[in-house]
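Notes for the one structure printed next.
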Amino acid sequence: MAKVKICGNTNLVDIEKAISHGADYLGLIFVPGSKRFVSRDQARELVLGGAGFEKFVGVFFNQSKEDVEAVAEFVGLKWLQFHGDETSRYCSYFMQKGYSVIKTFRIQDSRSLLRMDEYDVTAYLFDTFSKTSKGGTGQTFDWSLIQDKPYVHEKLFLAGGLHLGNLKDALQAIRPFAVDVASGVEASPGLKDHSKLQQFIQTAHGMNSHVAT
């Protein structure tokens, strides 16, 4: 089975449904301008309403350390995802503070992977490169670029255009540690389709892979 991260959560009903269906991680986006943006006050209410769920992931994009720390402490986050051009030193700062850190790499071609070795983080997330979007493109990238890479099975969150139509193919071809989805389980940006949500989680958890618990 692969772990599942449901990202772009904006309301408690969706969070309760995701938790009840077995989601492993829940993403909250703190990037101004995002269609799925939540304020720190909204996020705190969502975390408090999450019935003790511990793996809420705060998603940030090229934001100052001070801003990230202020949000994380106020909301009560233990997991941070850096989706921009954050340096390895920047990520290490938060690792040393005791946070679990996911670093995003936007994949365009094999050169997109060259800097990975610089980052000593909890996990990687691969999303599809776009000149016009910071993420949530709904498009896949060339999975052959990462097939048979050891880190894929150990610490990779696979994102980029995943949905019920291609999830099984992704799991069979890549066998990632986790899959990450937002638009693929939505009725509209920030609002989940609860049927798709349930099916996506059940499919990911039901597929065999090299993933360890």
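Ordered as shown in the structure tokens, chains take letters A, B, and onward, while each chain numbers its residues from 1 and ligands are numbered from 1 in the order shown.
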
*asked:* Residues of segment 34-203 of chain A classed as strand (DSSP E or B) by DSSP on the backbone are to be reported as an MDAnalysis selection string.
replied: chainID A and resid 37 56:60 79:82 100:107 123:128 156:158 178:181 186:188 191:192

*DSSP on the backbone, then: every residue of segment 55-206 of chain A marked alpha helix (DSSP H), written as a ChimeraX atom specification.*
/A:65-75,88-96,150-155,167-174,194-206

Write to file, as a compact mmCIF listing (two decimals), in the first residue's frame, the residues of the selection just made, with N, CA and C atoms.
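To be explicit, this is the file written out as result.txt:
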```txt
# COMPACT_ATOMS: atom_id res chain seq x y z
N LYS A 65 11.52 32.36 7.13
CA LYS A 65 11.55 31.42 8.25
C LYS A 65 10.66 31.90 9.39
N GLU A 66 10.69 33.21 9.62
CA GLU A 66 9.91 33.79 10.72
C GLU A 66 8.42 33.57 10.49
N ASP A 67 7.96 33.78 9.27
CA ASP A 67 6.54 33.59 8.96
C ASP A 67 6.15 32.12 9.10
N VAL A 68 6.99 31.24 8.60
CA VAL A 68 6.68 29.80 8.68
C VAL A 68 6.62 29.35 10.13
N GLU A 69 7.59 29.77 10.92
CA GLU A 69 7.61 29.37 12.33
C GLU A 69 6.40 29.91 13.08
N ALA A 70 6.02 31.15 12.78
CA ALA A 70 4.88 31.75 13.46
C ALA A 70 3.60 30.97 13.16
N VAL A 71 3.42 30.61 11.90
CA VAL A 71 2.24 29.83 11.52
C VAL A 71 2.27 28.45 12.15
N ALA A 72 3.42 27.78 12.05
CA ALA A 72 3.53 26.41 12.57
C ALA A 72 3.25 26.36 14.07
N GLU A 73 3.78 27.31 14.81
CA GLU A 73 3.57 27.33 16.26
C GLU A 73 2.12 27.66 16.60
N PHE A 74 1.53 28.60 15.90
CA PHE A 74 0.16 29.01 16.18
C PHE A 74 -0.83 27.89 15.85
N VAL A 75 -0.60 27.23 14.72
CA VAL A 75 -1.53 26.19 14.26
C VAL A 75 -1.28 24.85 14.97
N SER A 88 18.74 24.04 0.72
CA SER A 88 18.95 22.93 1.65
C SER A 88 19.21 23.46 3.06
N ARG A 89 19.91 24.59 3.16
CA ARG A 89 20.17 25.19 4.47
C ARG A 89 18.87 25.63 5.13
N TYR A 90 17.98 26.20 4.34
CA TYR A 90 16.66 26.62 4.83
C TYR A 90 15.91 25.41 5.39
N CYS A 91 15.88 24.33 4.64
CA CYS A 91 15.17 23.12 5.08
C CYS A 91 15.82 22.52 6.32
N SER A 92 17.15 22.53 6.36
CA SER A 92 17.86 21.97 7.51
C SER A 92 17.54 22.74 8.78
N TYR A 93 17.33 24.04 8.66
CA TYR A 93 16.97 24.86 9.82
C TYR A 93 15.73 24.28 10.51
N PHE A 94 14.74 23.92 9.73
CA PHE A 94 13.50 23.39 10.31
C PHE A 94 13.65 21.94 10.77
N MET A 95 14.48 21.18 10.08
CA MET A 95 14.76 19.82 10.53
C MET A 95 15.41 19.87 11.92
N GLN A 96 16.35 20.79 12.10
CA GLN A 96 17.04 20.92 13.39
C GLN A 96 16.11 21.43 14.49
N PRO A 150 15.84 4.34 -5.63
CA PRO A 150 15.57 3.81 -4.29
C PRO A 150 14.73 4.74 -3.42
N TYR A 151 14.97 6.05 -3.51
CA TYR A 151 14.26 6.98 -2.63
C TYR A 151 12.77 7.02 -2.94
N VAL A 152 12.37 6.60 -4.13
CA VAL A 152 10.96 6.62 -4.50
C VAL A 152 10.13 5.78 -3.52
N HIS A 153 10.63 4.62 -3.17
CA HIS A 153 9.89 3.70 -2.32
C HIS A 153 10.05 4.04 -0.84
N GLU A 154 11.06 4.79 -0.52
CA GLU A 154 11.39 5.06 0.88
C GLU A 154 10.85 6.39 1.38
N LYS A 155 10.80 7.41 0.52
CA LYS A 155 10.48 8.74 1.03
C LYS A 155 9.92 9.70 -0.02
N LEU A 167 -4.38 6.52 -11.07
CA LEU A 167 -3.74 6.17 -9.80
C LEU A 167 -3.14 4.77 -9.82
N LYS A 168 -3.89 3.78 -10.30
CA LYS A 168 -3.38 2.41 -10.31
C LYS A 168 -2.13 2.30 -11.18
N ASP A 169 -2.13 2.99 -12.33
CA ASP A 169 -0.95 2.98 -13.20
C ASP A 169 0.26 3.57 -12.48
N ALA A 170 0.04 4.67 -11.76
CA ALA A 170 1.14 5.31 -11.03
C ALA A 170 1.68 4.39 -9.95
N LEU A 171 0.80 3.76 -9.22
CA LEU A 171 1.24 2.88 -8.13
C LEU A 171 1.99 1.66 -8.67
N GLN A 172 1.53 1.12 -9.78
CA GLN A 172 2.19 -0.05 -10.36
C GLN A 172 3.53 0.32 -10.99
N ALA A 173 3.59 1.48 -11.62
CA ALA A 173 4.82 1.88 -12.32
C ALA A 173 5.89 2.41 -11.38
N ILE A 174 5.48 3.15 -10.35
CA ILE A 174 6.44 3.86 -9.52
C ILE A 174 6.59 3.24 -8.13
N HIS A 194 -16.58 13.69 -2.01
CA HIS A 194 -16.36 12.68 -0.98
C HIS A 194 -16.34 11.26 -1.53
N SER A 195 -17.02 11.01 -2.63
CA SER A 195 -16.95 9.71 -3.27
C SER A 195 -15.57 9.46 -3.87
N LYS A 196 -15.06 10.46 -4.60
CA LYS A 196 -13.71 10.34 -5.17
C LYS A 196 -12.67 10.23 -4.06
N LEU A 197 -12.86 10.98 -3.00
CA LEU A 197 -11.93 10.95 -1.86
C LEU A 197 -11.83 9.53 -1.30
N GLN A 198 -12.96 8.93 -1.04
CA GLN A 198 -12.99 7.57 -0.49
C GLN A 198 -12.36 6.57 -1.44
N GLN A 199 -12.72 6.63 -2.71
CA GLN A 199 -12.19 5.68 -3.68
C GLN A 199 -10.68 5.83 -3.85
N PHE A 200 -10.20 7.07 -3.85
CA PHE A 200 -8.76 7.31 -4.03
C PHE A 200 -7.97 6.70 -2.88
N ILE A 201 -8.42 6.96 -1.66
CA ILE A 201 -7.71 6.44 -0.49
C ILE A 201 -7.76 4.92 -0.46
N GLN A 202 -8.91 4.34 -0.73
CA GLN A 202 -9.05 2.89 -0.71
C GLN A 202 -8.20 2.23 -1.78
N THR A 203 -8.14 2.84 -2.94
CA THR A 203 -7.32 2.29 -4.03
C THR A 203 -5.84 2.33 -3.68
N ALA A 204 -5.37 3.48 -3.17
CA ALA A 204 -3.96 3.60 -2.80
C ALA A 204 -3.58 2.63 -1.70
N HIS A 205 -4.44 2.48 -0.72
CA HIS A 205 -4.15 1.59 0.41
C HIS A 205 -4.27 0.13 0.01
N GLY A 206 -5.00 -0.14 -1.05
CA GLY A 206 -5.21 -1.53 -1.45
C GLY A 206 -4.18 -2.06 -2.40
```

*Using only C-alpha atoms, find the one residue out of A:Val38, A:Leu162, A:Val31, A:Leu26 that sits nearest to Val57 of chain A.*
A:Leu26

_So that I can check the surroundings of segment 14-20 of chain A, please list as a VMD selection string every protein, DNA and RNA residue that reaches within 12 Å of it, counting only C-alpha atoms and ignoring chain neighbours fewer than 3 positions away._
chain A and resid 4 to 11 23 to 28 43 45 to 56 181 to 182 185 to 187 190 to 202
